[in-house]
file query_24.csv (CSV, C-alpha atoms (C1' of nucleotides))
chain,number,residue,atom,x,y,z
A,117,MET,CA,35.7,27.2,2.9
A,118,THR,CA,37.9,24.3,4.1
A,119,LYS,CA,35.6,23.4,6.9
A,120,ASN,CA,32.3,23.0,5.1
A,121,LEU,CA,30.0,26.0,5.3
A,122,TYR,CA,27.3,23.4,5.7
A,123,ASP,CA,28.5,22.5,9.2
A,124,ASP,CA,28.2,26.1,10.6
A,125,ALA,CA,27.7,26.0,14.3
A,126,ARG,CA,24.6,28.0,14.1
A,127,ILE,CA,23.0,25.4,11.8
A,128,THR,CA,23.9,22.6,14.2
A,129,ALA,CA,22.3,24.7,17.0
A,130,VAL,CA,19.0,24.8,15.3
A,131,GLY,CA,19.4,21.2,14.4
A,132,LEU,CA,19.5,20.5,18.1
A,133,VAL,CA,16.2,22.2,18.6
A,134,MET,CA,14.7,20.2,15.7
A,135,GLU,CA,16.0,16.9,17.1
A,136,VAL,CA,14.6,17.6,20.5
A,137,TYR,CA,11.3,18.5,19.1
A,138,ALA,CA,11.2,15.5,16.8
A,139,GLY,CA,12.3,13.1,19.5
A,140,LEU,CA,9.7,14.3,21.9
A,141,ALA,CA,6.9,14.6,19.3
A,142,ALA,CA,7.6,11.0,18.2
A,143,ARG,CA,7.3,9.6,21.7
A,144,PHE,CA,4.2,11.6,22.4
A,145,ALA,CA,2.6,10.5,19.2
A,146,ALA,CA,3.2,6.8,20.1
A,147,GLN,CA,1.5,7.2,23.4
A,148,PHE,CA,-1.4,9.2,21.9
A,149,GLU,CA,-1.9,6.4,19.5
A,150,GLU,CA,-2.3,3.9,22.3
A,151,HIS,CA,-5.3,5.8,23.3
A,152,GLY,CA,-6.6,6.1,19.7
A,153,LEU,CA,-5.7,9.8,19.3
A,154,SER,CA,-3.5,11.6,16.9
A,155,THR,CA,-1.3,14.5,17.9
A,156,VAL,CA,-3.6,17.1,16.6
A,157,GLU,CA,-6.6,15.4,18.2
A,158,PHE,CA,-4.9,15.5,21.5
A,159,GLU,CA,-4.0,19.1,21.0
A,160,VAL,CA,-7.6,19.9,20.1
A,161,LEU,CA,-8.9,18.2,23.2
A,162,MET,CA,-6.4,20.0,25.4
A,163,ARG,CA,-7.2,23.4,24.0
A,164,LEU,CA,-10.9,22.8,24.4
A,165,ALA,CA,-10.6,21.3,27.9
A,166,ARG,CA,-8.7,24.4,29.0
A,167,SER,CA,-11.4,26.7,27.7
A,168,PRO,CA,-14.5,27.8,29.6
A,169,GLU,CA,-17.3,25.2,29.3
A,170,HIS,CA,-14.9,23.0,27.3
A,171,GLN,CA,-15.8,24.8,24.1
A,172,LEU,CA,-14.3,27.1,21.5
A,173,ARG,CA,-15.4,28.6,18.3
A,174,MET,CA,-14.0,27.0,15.2
A,175,THR,CA,-11.9,30.0,14.3
A,176,ASP,CA,-10.5,30.4,17.8
A,177,LEU,CA,-9.6,26.8,17.9
A,178,ALA,CA,-7.8,27.2,14.6
A,179,ALA,CA,-5.9,30.2,16.0
A,180,GLN,CA,-4.8,28.2,19.0
A,181,THR,CA,-3.6,25.2,17.0
A,182,SER,CA,-1.3,24.7,14.1
A,183,LEU,CA,-4.2,24.3,11.8
A,184,SER,CA,-6.0,26.4,9.2
A,185,THR,CA,-9.7,26.9,9.6
A,186,SER,CA,-10.5,24.3,7.0
A,187,GLY,CA,-8.1,22.0,8.8
A,188,VAL,CA,-10.1,22.5,11.9
A,189,THR,CA,-13.3,21.8,10.1
A,190,ARG,CA,-12.0,18.4,9.1
A,191,VAL,CA,-10.5,17.4,12.4
A,192,VAL,CA,-13.7,18.3,14.2
A,193,ASP,CA,-15.6,16.3,11.6
A,194,ARG,CA,-13.6,13.2,12.4
A,195,MET,CA,-13.7,13.8,16.1
A,196,GLU,CA,-17.4,14.4,16.0
A,197,ARG,CA,-17.9,11.2,14.1
A,198,ASP,CA,-15.8,9.4,16.8
A,199,GLY,CA,-18.0,10.9,19.5
A,200,LEU,CA,-15.2,13.0,21.1
A,201,LEU,CA,-16.6,16.4,20.2
A,202,CYS,CA,-19.9,17.9,19.0
A,203,ARG,CA,-20.8,21.1,17.3
A,204,ARG,CA,-23.1,23.6,19.0
A,205,ALA,CA,-24.6,26.6,17.3
A,206,CYS,CA,-23.7,30.0,18.7
A,207,PRO,CA,-26.9,31.8,19.8
A,208,SER,CA,-25.7,35.3,19.2
A,209,ASP,CA,-23.9,34.9,15.9
A,210,ARG,CA,-25.4,32.4,13.5
A,211,ARG,CA,-22.3,32.2,11.4
A,212,SER,CA,-20.3,30.8,14.3
A,213,ALA,CA,-20.2,27.3,15.6
A,214,TYR,CA,-18.7,26.0,18.8
A,215,ALA,CA,-16.8,22.8,19.1
A,216,VAL,CA,-17.6,21.2,22.4
A,217,VAL,CA,-15.9,18.3,24.1
A,218,THR,CA,-18.3,15.5,25.0
A,219,GLU,CA,-18.2,13.3,28.1
A,220,SER,CA,-16.5,10.7,26.1
A,221,GLY,CA,-14.0,13.2,24.8
A,222,MET,CA,-13.1,14.3,28.4
A,223,ALA,CA,-12.8,10.7,29.4
A,224,ARG,CA,-10.5,10.0,26.6
A,225,LEU,CA,-8.4,13.0,27.5
A,226,GLU,CA,-8.2,12.1,31.2
A,227,GLU,CA,-7.2,8.6,30.3
A,228,THR,CA,-4.4,9.8,28.1
A,229,LEU,CA,-3.1,12.7,30.1
A,230,PRO,CA,-1.3,10.9,33.0
A,231,GLY,CA,0.8,8.9,30.6
A,232,HIS,CA,1.6,12.0,28.6
A,233,ILE,CA,2.8,13.9,31.7
A,234,GLN,CA,4.8,10.9,32.7
A,235,LEU,CA,6.6,10.9,29.3
A,236,ILE,CA,7.3,14.6,29.7
A,237,GLN,CA,8.7,14.0,33.1
A,238,ASP,CA,10.9,11.1,32.0
A,239,TRP,CA,12.3,12.4,28.8
A,240,PHE,CA,12.4,16.1,29.3
A,241,ILE,CA,11.9,17.5,32.8
A,242,GLY,CA,13.7,14.7,34.6
A,243,GLN,CA,16.7,14.9,32.4
A,244,LEU,CA,17.9,18.2,33.9
A,245,GLU,CA,18.5,19.4,37.4
A,246,PRO,CA,15.9,21.9,38.6
A,247,ALA,CA,18.2,24.9,38.2
A,248,ARG,CA,19.3,23.9,34.7
A,249,LEU,CA,15.7,23.3,33.8
A,250,GLU,CA,14.6,26.7,34.9
A,251,SER,CA,17.4,28.3,33.0
A,252,LEU,CA,16.5,26.3,29.9
A,253,LEU,CA,12.9,27.4,30.1
A,254,ASP,CA,13.8,31.0,30.6
A,255,SER,CA,15.9,31.0,27.5
A,256,LEU,CA,13.2,29.2,25.5
A,257,ARG,CA,10.8,31.8,26.6
A,258,VAL,CA,13.0,34.6,25.3
A,259,VAL,CA,13.3,32.9,21.9
A,260,ARG,CA,9.6,32.1,21.9
A,261,ASP,CA,8.6,35.6,22.6
A,262,ALA,CA,10.8,36.8,19.7
A,263,VAL,CA,9.7,34.2,17.2
A,264,HIS,CA,6.1,33.8,18.1
A,265,PRO,CA,4.7,37.3,18.6
A,266,GLY,CA,1.3,37.6,20.1
A,267,ALA,CA,1.5,34.3,21.9
A,268,THR,CA,2.8,35.8,25.0
A,269,ALA,CA,-0.2,34.5,26.9
A,270,GLY,CA,1.7,34.6,30.1
A,271,SER,CA,1.1,32.0,32.7
A,272,THR,CA,-2.6,32.9,33.1
A,273,GLY,CA,-3.6,31.5,29.8
A,274,ALA,CA,-5.0,34.9,28.7
A,275,THR,CA,-4.8,34.0,25.0
A,276,ALA,CA,-8.6,33.9,24.7
A,277,GLY,CA,-9.4,37.4,26.1
A,278,ALA,CA,-10.5,39.1,23.0
A,279,SER,CA,-12.9,36.8,21.2
A,280,THR,CA,-14.7,34.9,23.9
A,281,ALA,CA,-17.4,37.5,23.6
A,282,CYS,CA,-20.3,35.4,22.3
B,144,MET,CA,-8.8,20.0,40.7
B,145,THR,CA,-9.5,23.6,41.2
B,146,LYS,CA,-6.6,24.8,39.2
B,147,ASN,CA,-7.0,22.8,35.9
B,148,LEU,CA,-5.0,19.7,35.6
B,149,TYR,CA,-4.6,20.8,32.0
B,150,ASP,CA,-2.4,23.7,32.9
B,151,ASP,CA,0.3,21.5,34.6
B,152,ALA,CA,3.6,23.3,34.5
B,153,ARG,CA,5.2,20.3,32.7
B,154,ILE,CA,2.8,20.6,29.9
B,155,THR,CA,3.5,24.3,29.4
B,156,ALA,CA,7.2,23.5,29.5
B,157,VAL,CA,6.9,21.2,26.4
B,158,GLY,CA,4.5,23.7,24.9
B,159,LEU,CA,7.4,26.1,25.0
B,160,VAL,CA,9.6,23.7,23.0
B,161,MET,CA,6.8,23.2,20.5
B,162,GLU,CA,6.3,26.9,20.1
B,163,VAL,CA,9.9,27.6,19.6
B,164,TYR,CA,10.2,24.9,17.1
B,165,ALA,CA,7.0,25.9,15.3
B,166,GLY,CA,8.0,29.6,15.2
B,167,LEU,CA,11.5,28.9,13.9
B,168,ALA,CA,10.2,26.4,11.4
B,169,ALA,CA,7.6,28.8,10.0
B,170,ARG,CA,10.2,31.5,9.5
B,171,PHE,CA,12.6,29.2,7.8
B,172,ALA,CA,9.9,27.8,5.5
B,173,ALA,CA,9.0,31.2,4.4
B,174,GLN,CA,12.6,32.0,3.4
B,175,PHE,CA,13.1,28.6,1.7
B,176,GLU,CA,10.0,29.3,-0.3
B,177,GLU,CA,11.5,32.6,-1.6
B,178,HIS,CA,14.1,30.4,-3.2
B,179,GLY,CA,11.6,27.8,-4.5
B,180,LEU,CA,12.4,25.2,-1.9
B,181,SER,CA,10.3,23.4,0.6
B,182,THR,CA,11.7,22.5,4.1
B,183,VAL,CA,12.4,18.9,3.2
B,184,GLU,CA,14.0,19.9,-0.1
B,185,PHE,CA,16.4,22.2,1.8
B,186,GLU,CA,17.1,19.4,4.3
B,187,VAL,CA,17.8,17.0,1.5
B,188,LEU,CA,20.2,19.4,-0.2
B,189,MET,CA,22.0,20.0,3.1
B,190,ARG,CA,22.4,16.4,3.9
B,191,LEU,CA,23.7,15.6,0.4
B,192,ALA,CA,26.0,18.7,0.3
B,193,ARG,CA,27.6,17.6,3.6
B,194,SER,CA,28.2,14.1,2.3
B,195,PRO,CA,31.3,13.0,0.3
B,196,GLU,CA,30.8,13.8,-3.4
B,197,HIS,CA,27.5,15.4,-2.6
B,198,GLN,CA,25.8,12.1,-2.8
B,199,LEU,CA,24.0,9.5,-0.7
B,200,ARG,CA,22.2,6.3,-1.2
B,201,MET,CA,18.4,6.6,-1.1
B,202,THR,CA,18.2,4.6,2.1
B,203,ASP,CA,20.9,6.5,3.9
B,204,LEU,CA,19.2,9.7,2.9
B,205,ALA,CA,16.0,8.5,4.4
B,206,ALA,CA,17.8,7.6,7.6
B,207,GLN,CA,19.2,11.1,7.9
B,208,THR,CA,16.0,12.9,7.2
B,209,SER,CA,12.6,12.7,8.7
B,210,LEU,CA,11.3,10.7,5.7
B,211,SER,CA,10.5,7.1,5.0
B,212,THR,CA,12.2,5.5,2.0
B,213,SER,CA,9.2,6.0,-0.1
B,214,GLY,CA,9.0,9.6,1.0
B,215,VAL,CA,12.6,9.9,-0.2
B,216,THR,CA,11.8,8.3,-3.6
B,217,ARG,CA,9.1,11.0,-4.1
B,218,VAL,CA,11.1,14.0,-3.0
B,219,VAL,CA,14.0,12.9,-5.1
B,220,ASP,CA,11.5,12.4,-8.0
B,221,ARG,CA,10.4,16.0,-7.7
B,222,MET,CA,13.9,17.5,-7.2
B,223,GLU,CA,15.2,15.5,-10.1
B,224,ARG,CA,12.4,16.8,-12.2
B,225,ASP,CA,13.4,20.3,-11.1
B,226,GLY,CA,17.0,19.7,-11.9
B,227,LEU,CA,18.3,20.0,-8.4
B,228,LEU,CA,19.3,16.4,-8.1
B,229,CYS,CA,20.0,13.4,-10.2
B,230,ARG,CA,20.1,9.7,-9.7
B,231,ARG,CA,23.2,7.7,-10.3
B,232,ALA,CA,23.5,3.9,-10.3
B,233,CYS,CA,25.7,2.3,-7.7
B,234,PRO,CA,28.4,0.3,-9.6
B,235,SER,CA,28.9,-2.4,-6.9
B,236,ASP,CA,25.3,-2.9,-5.9
B,237,ARG,CA,22.7,-2.8,-8.6
B,238,ARG,CA,19.9,-2.5,-6.2
B,239,SER,CA,21.2,0.8,-4.8
B,240,ALA,CA,20.9,4.3,-6.3
B,241,TYR,CA,22.6,7.4,-5.3
B,242,ALA,CA,21.0,10.8,-5.2
B,243,VAL,CA,23.5,13.3,-6.3
B,244,VAL,CA,23.3,17.1,-6.1
B,245,THR,CA,23.6,18.8,-9.5
B,246,GLU,CA,25.4,22.0,-10.2
B,247,SER,CA,22.1,23.7,-10.2
B,248,GLY,CA,21.2,22.2,-6.9
B,249,MET,CA,24.4,23.4,-5.3
B,250,ALA,CA,23.8,26.8,-6.7
B,251,ARG,CA,20.3,26.9,-5.2
B,252,LEU,CA,21.6,25.8,-1.9
B,253,GLU,CA,24.3,28.4,-1.8
B,254,GLU,CA,21.9,31.1,-2.7
B,255,THR,CA,19.6,30.0,0.1
B,256,LEU,CA,22.0,29.4,2.9
B,257,PRO,CA,23.2,32.9,3.8
B,258,GLY,CA,19.7,34.1,4.4
B,259,HIS,CA,18.9,31.0,6.4
B,260,ILE,CA,21.9,31.5,8.6
B,261,GLN,CA,20.9,35.1,9.0
B,262,LEU,CA,17.5,34.0,10.2
B,263,ILE,CA,19.0,31.7,12.7
B,264,GLN,CA,21.2,34.5,13.9
B,265,ASP,CA,18.4,37.0,14.2
B,266,TRP,CA,15.7,34.8,15.8
B,267,PHE,CA,17.7,32.3,17.8
B,268,ILE,CA,21.4,32.8,18.4
B,269,GLY,CA,21.2,36.6,18.7
B,270,GLN,CA,18.4,36.5,21.2
B,271,LEU,CA,20.6,35.2,24.0
B,272,GLU,CA,23.9,36.2,25.5
B,273,PRO,CA,26.7,33.9,24.7
B,274,ALA,CA,26.8,32.3,28.1
B,275,ARG,CA,23.1,31.7,28.2
B,276,LEU,CA,23.2,30.3,24.7
B,277,GLU,CA,25.9,27.8,25.6
B,278,SER,CA,23.9,26.8,28.6
B,279,LEU,CA,20.8,26.3,26.5
B,280,LEU,CA,22.6,24.2,24.0
B,281,ASP,CA,24.1,22.1,26.7
B,282,SER,CA,20.7,21.4,28.1
B,283,LEU,CA,19.2,20.7,24.7
B,284,ARG,CA,22.0,18.2,24.1
B,285,VAL,CA,21.2,16.4,27.2
B,286,VAL,CA,17.6,16.0,26.2
B,287,ARG,CA,18.4,15.2,22.7
B,288,ASP,CA,20.8,12.4,23.7
B,289,ALA,CA,18.0,11.0,25.9
B,290,VAL,CA,15.2,11.3,23.4
B,291,HIS,CA,17.0,10.6,20.2
B,292,PRO,CA,19.2,7.6,20.8
B,293,GLY,CA,21.8,6.7,18.2
B,294,ALA,CA,21.8,10.3,16.8
B,295,THR,CA,24.7,11.2,19.0
B,296,ALA,CA,26.8,12.0,16.0
B,297,GLY,CA,29.0,14.3,18.0
B,298,SER,CA,30.3,17.5,16.4
B,299,THR,CA,32.1,15.6,13.6
B,300,GLY,CA,29.0,14.6,11.8
B,301,ALA,CA,29.9,11.0,11.9
B,302,THR,CA,26.4,9.8,11.3
B,303,ALA,CA,27.3,8.2,8.0
B,304,GLY,CA,30.1,6.0,9.2
B,305,ALA,CA,28.6,2.6,8.7
B,306,SER,CA,26.9,2.4,5.4
B,307,THR,CA,29.1,4.5,3.1
B,308,ALA,CA,30.6,1.2,2.0
B,309,CYS,CA,29.6,1.0,-1.6
C,300,DG,C1',-33.7,50.1,5.9
C,301,DA,C1',-30.8,49.0,1.8
C,302,DC,C1',-26.5,48.2,0.3
C,303,DC,C1',-21.6,46.3,0.9
C,304,DA,C1',-17.4,44.9,2.8
C,305,DA,C1',-15.9,41.7,6.4
C,306,DT,C1',-16.3,37.5,8.9
C,307,DG,C1',-17.2,32.4,10.0
C,308,DA,C1',-17.7,28.0,8.4
C,309,DC,C1',-17.7,24.6,4.9
C,310,DT,C1',-16.3,22.2,0.3
C,311,DG,C1',-13.6,20.6,-4.0
C,312,DA,C1',-9.3,19.9,-6.0
C,313,DC,C1',-4.8,19.2,-5.0
C,314,DT,C1',-0.3,18.0,-2.6
C,315,DG,C1',2.6,15.5,0.2
C,316,DA,C1',3.4,11.7,3.2
C,317,DG,C1',3.1,6.9,5.0
C,318,DC,C1',2.1,1.9,4.7
C,319,DA,C1',2.0,-2.2,2.3
C,320,DA,C1',2.7,-4.8,-1.7
C,321,DC,C1',5.9,-5.6,-5.5
C,322,DT,C1',10.3,-6.2,-8.3
C,323,DA,C1',15.1,-6.9,-8.7
C,324,DT,C1',19.4,-7.9,-6.8
C,325,DA,C1',22.6,-9.7,-3.3
C,326,DG,C1',24.5,-12.8,-0.3
C,327,DA,C1',24.2,-17.2,2.5
C,328,DC,C1',23.9,-22.0,2.8
C,329,DG,C1',23.1,-26.6,1.5
D,280,DC,C1',24.9,-24.4,-8.7
D,281,DG,C1',20.2,-23.7,-7.0
D,282,DT,C1',17.4,-22.2,-3.6
D,283,DC,C1',16.0,-19.0,0.1
D,284,DT,C1',16.1,-15.0,2.7
D,285,DA,C1',17.3,-10.1,3.3
D,286,DT,C1',17.8,-5.7,1.3
D,287,DA,C1',17.1,-1.4,-2.1
D,288,DG,C1',14.0,1.1,-4.3
D,289,DT,C1',9.5,2.0,-6.5
D,290,DT,C1',4.5,2.2,-6.8
D,291,DG,C1',-0.8,1.9,-5.5
D,292,DC,C1',-3.8,3.3,-2.2
D,293,DT,C1',-5.4,6.2,1.4
D,294,DC,C1',-5.4,9.9,4.6
D,295,DA,C1',-4.6,14.5,6.5
D,296,DG,C1',-3.9,19.1,5.5
D,297,DT,C1',-3.9,23.4,2.6
D,298,DC,C1',-5.7,26.8,-0.7
D,299,DA,C1',-9.1,29.0,-3.2
D,300,DG,C1',-13.8,29.5,-3.8
D,301,DT,C1',-18.7,29.5,-1.9
D,302,DC,C1',-22.6,30.6,1.1
D,303,DA,C1',-24.7,32.7,5.0
D,304,DT,C1',-24.6,36.2,8.3
D,305,DT,C1',-23.2,40.4,10.4
D,306,DG,C1',-22.3,45.3,11.2
D,307,DG,C1',-21.4,49.7,9.3
D,308,DT,C1',-22.7,53.7,6.4
D,309,DC,C1',-25.4,56.6,3.9

call {"tool": "encode", "arguments": {"input": "query_24.csv", "output": "structure tokens"}}
result
Amino acid sequence: MTKNLYDDARITAVGLVMEVYAGLAARFAAQFEEHGLSTVEFEVLMRLARSPEHQLRMTDLAAQTSLSTSGVTRVVDRMERDGLLCRRACPSDRRSAYAVVTESGMARLEETLPGHIQLIQDWFIGQLEPARLESLLDSLRVVRDAVHPGATAGSTGATAGASTAC
Amino acid sequence: MTKNLYDDARITAVGLVMEVYAGLAARFAAQFEEHGLSTVEFEVLMRLARSPEHQLRMTDLAAQTSLSTSGVTRVVDRMERDGLLCRRACPSDRRSAYAVVTESGMARLEETLPGHIQLIQDWFIGQLEPARLESLLDSLRVVRDAVHPGATAGSTGATAGASTAC
DNA sequence: GACCAATGACTGACTGAGCAACTATAGACG
DNA sequence: CGTCTATAGTTGCTCAGTCAGTCATTGGTC
């Protein structure tokens, strides 16, 4: 144990992932804030905007974000108060509620998105040559598929599939 | 705008990074919890254990973690209460305080670490062939260096360097 | 068609984190 | 030497998020 066990190469390897994540997340958060959004709020808007009719049931929204169902209740509360979202009753199941993006919410998202994509371009995509980038993404996909089972949505965004019944 | 702007390939690329991060972090957190540690507590123990004499000034600890100084105060409070750490006055600067890992803290860390490394091996390192892994790490380093300026500690863990004066 | 477990959303109590204000000490400058 | 600014750490307040518990509704089973 001459050379610290605590400096194991494997640990520094994950450290790298953490630093990349933290670095990107911090820059993104700063830009979101310029548009009056938090990171979760942006994520919620994105998930809803990608969904048919810009709406999703609370539970499905929770499943697609990093939040618990009660967490979603609270974010949607705030965003509804700010006029970005509104709730809509589900006609076929009176227990369920949809979160729907308002006009104002879509506008906010569309105003935020270009800058966001630019940040991704500048700090991530643009840092690597196309071939290296592809290789990186391939490898990340392998790890993601291992570590995040059931999220293998593929490129068609088929995550919804099951529960969009209502 | 037939094919949603919201499904831009660049966005899914960062999504990949986020998912990998989240997936790994969740598994790690579960294992930490088996040993009665939170993620930040583990990180604090690691940072201190890597430092000379297993100690660091509060401010330096804050700089090396994802926490603010007040955040560090509170984590150290908790960990001191749990007997993992203790505070020690700095002889040459009476404003400063060291956080020092106790015997019990080192024991806890050493009991947690093997399982942690095993998780890294199973879910990250072991998912890729050596050459692909090296390529992945190289690419991540490029992005990290761009996005996380000043953290280019190199492989020698020289982050401390400046402020270990006292 | 009456009961009963499962499901969807919401709420109260609690935890953990940050910011801003505060205290004490250090170091610089006249 | 006395003052003035910068630095180290702690604390009060607030906010976001979880967990566990609650209520309403649903769908199955007899």

call {"tool": "atom_distance", "arguments": {"input": "query_24.csv", "atom1": "C1' of DT289 (chain D)", "atom2": "CA of Thr202 (chain B)"}}
result
12.5 Å

call {"tool": "residues_around", "arguments": {"input": "query_24.csv", "residues": "Glu186 (chain B)", "least_positions_apart": "5", "cutoff": "9 Å", "atoms": "all atoms listed in the file", "output": "JSON, numbers by chain"}}
result
{"B": [181, 191, 208]}

call {"tool": "residues_around", "arguments": {"input": "query_24.csv", "residues": "Ala142 (chain A)", "least_positions_apart": "2", "cutoff": "12 Å", "atoms": "only C-alpha atoms (C1' of nucleotides)", "output": "short mmCIF file (atom, residue, chain, number, x, y, z; two decimals) with C-alpha atoms, keeping the file's coordinate frame"}}
result
data_model
loop_
_atom_site.label_atom_id
_atom_site.label_comp_id
_atom_site.auth_asym_id
_atom_site.auth_seq_id
_atom_site.Cartn_x
_atom_site.Cartn_y
_atom_site.Cartn_z
CA MET A 134 14.70 20.20 15.70
CA GLU A 135 16.00 16.90 17.10
CA VAL A 136 14.60 17.60 20.50
CA TYR A 137 11.30 18.50 19.10
CA ALA A 138 11.20 15.50 16.80
CA GLY A 139 12.30 13.10 19.50
CA LEU A 140 9.70 14.30 21.90
CA PHE A 144 4.20 11.60 22.40
CA ALA A 145 2.60 10.50 19.20
CA ALA A 146 3.20 6.80 20.10
CA GLN A 147 1.50 7.20 23.40
CA PHE A 148 -1.40 9.20 21.90
CA GLU A 149 -1.90 6.40 19.50
CA SER A 154 -3.50 11.60 16.90
CA THR A 155 -1.30 14.50 17.90
CA LEU A 235 6.60 10.90 29.30
CA TRP A 239 12.30 12.40 28.80
CA SER B 209 12.60 12.70 8.70
CA VAL B 290 15.20 11.30 23.40
CA HIS B 291 17.00 10.60 20.20
#

call {"tool": "closest_atom_pairs", "arguments": {"input": "query_24.csv", "of": "chain B", "to": "chain C", "cutoff": "7 Å", "atoms": "all atoms listed in the file", "output": "JSON lines"}}
result
{"residue": "B:Gly214", "atom": "CA", "partner": "C:DA316", "partner_atom": "C1'", "distance": 6.4}
{"residue": "B:Arg237", "atom": "CA", "partner": "C:DT324", "partner_atom": "C1'", "distance": 6.3}
{"residue": "B:Arg238", "atom": "CA", "partner": "C:DT324", "partner_atom": "C1'", "distance": 5.5}

call {"tool": "write_last_selection", "arguments": {"input": "query_24.csv", "atoms": "C-alpha atoms", "output": "PDB file, in the coordinates of the input"}}
result
ATOM      1  CA  GLY B 214       9.000   9.600   1.000  1.00  0.00           C
ATOM      2  CA  ARG B 237      22.700  -2.800  -8.600  1.00  0.00           C
ATOM      3  CA  ARG B 238      19.900  -2.500  -6.200  1.00  0.00           C
TER       4      ARG B 238
END

call {"tool": "closest_atom_pairs", "arguments": {"input": "query_24.csv", "of": "chain D", "to": "chain A", "cutoff": "12 Å", "atoms": "all atoms listed in the file", "output": "Markdown table"}}
result
| residue | atom | partner | partner_atom | distance |
| --- | --- | --- | --- | --- |
| D:DC294 | C1' | A:Arg190 | CA | 11.7 |
| D:DA295 | C1' | A:Gly187 | CA | 8.6 |
| D:DG296 | C1' | A:Gly187 | CA | 6.1 |
| D:DT297 | C1' | A:Ser184 | CA | 7.5 |
| D:DC298 | C1' | A:Ser186 | CA | 9.4 |
| D:DA299 | C1' | A:Ser186 | CA | 11.3 |
| D:DC302 | C1' | A:Arg211 | CA | 10.4 |
| D:DA303 | C1' | A:Arg211 | CA | 6.9 |
| D:DT304 | C1' | A:Arg211 | CA | 5.6 |
| D:DT305 | C1' | A:Asp209 | CA | 7.8 |
| D:DG306 | C1' | A:Asp209 | CA | 11.5 |

call {"tool": "interface_residues", "arguments": {"input": "query_24.csv", "of": "chain A", "to": "chain B", "cutoff": "8 Å", "atoms": "only C-alpha atoms", "output": "ChimeraX atom specification"}}
result
/A:120,122-123,126-127,129-130,132-137,139-140,162,165-166,233,236-237,239-241,243-244,248-249,251-253,255-260,262-264

call {"tool": "residues_around", "arguments": {"input": "query_24.csv", "residues": "Val244 (chain B)", "least_positions_apart": "5", "cutoff": "12 Å", "atoms": "all atoms listed in the file", "output": "PyMOL selection string"}}
result
chain B and resi 184-185+187-200+219+222-223+225-231+249-252

call {"tool": "atom_distance", "arguments": {"input": "query_24.csv", "atom1": "CA of Ala215 (chain A)", "atom2": "CA of Met174 (chain A)"}}
result
6.4 Å

call {"tool": "atom_distance", "arguments": {"input": "query_24.csv", "atom1": "CA of Ala213 (chain A)", "atom2": "CA of Leu153 (chain A)"}}
result
23.0 Å

call {"tool": "build_atoms", "arguments": {"input": "query_24.csv", "residues": "region 134-145 of chain A", "atoms": "N, CA and C atoms", "output": "compact mmCIF listing (two decimals), in the coordinates of the input"}}
result
# COMPACT_ATOMS: atom_id res chain seq x y z
N MET A 134 15.54 21.10 16.53
CA MET A 134 14.70 20.20 15.70
C MET A 134 14.72 18.80 16.22
N GLU A 135 15.90 18.31 16.59
CA GLU A 135 16.00 16.90 17.10
C GLU A 135 15.24 16.73 18.37
N VAL A 136 15.37 17.70 19.25
CA VAL A 136 14.60 17.60 20.50
C VAL A 136 13.15 17.57 20.24
N TYR A 137 12.72 18.50 19.42
CA TYR A 137 11.30 18.50 19.10
C TYR A 137 10.85 17.21 18.48
N ALA A 138 11.58 16.76 17.46
CA ALA A 138 11.20 15.50 16.80
C ALA A 138 11.16 14.35 17.69
N GLY A 139 12.17 14.26 18.53
CA GLY A 139 12.30 13.10 19.50
C GLY A 139 11.09 13.12 20.42
N LEU A 140 10.80 14.26 21.02
CA LEU A 140 9.70 14.30 21.90
C LEU A 140 8.37 14.05 21.20
N ALA A 141 8.19 14.71 20.07
CA ALA A 141 6.90 14.60 19.30
C ALA A 141 6.68 13.10 18.96
N ALA A 142 7.73 12.39 18.58
CA ALA A 142 7.60 11.00 18.20
C ALA A 142 7.11 10.15 19.38
N ARG A 143 7.73 10.37 20.53
CA ARG A 143 7.30 9.60 21.70
C ARG A 143 5.91 9.92 22.13
N PHE A 144 5.57 11.20 22.08
CA PHE A 144 4.20 11.60 22.40
C PHE A 144 3.22 10.92 21.50
N ALA A 145 3.51 11.00 20.20
CA ALA A 145 2.60 10.50 19.20
C ALA A 145 2.32 8.99 19.45
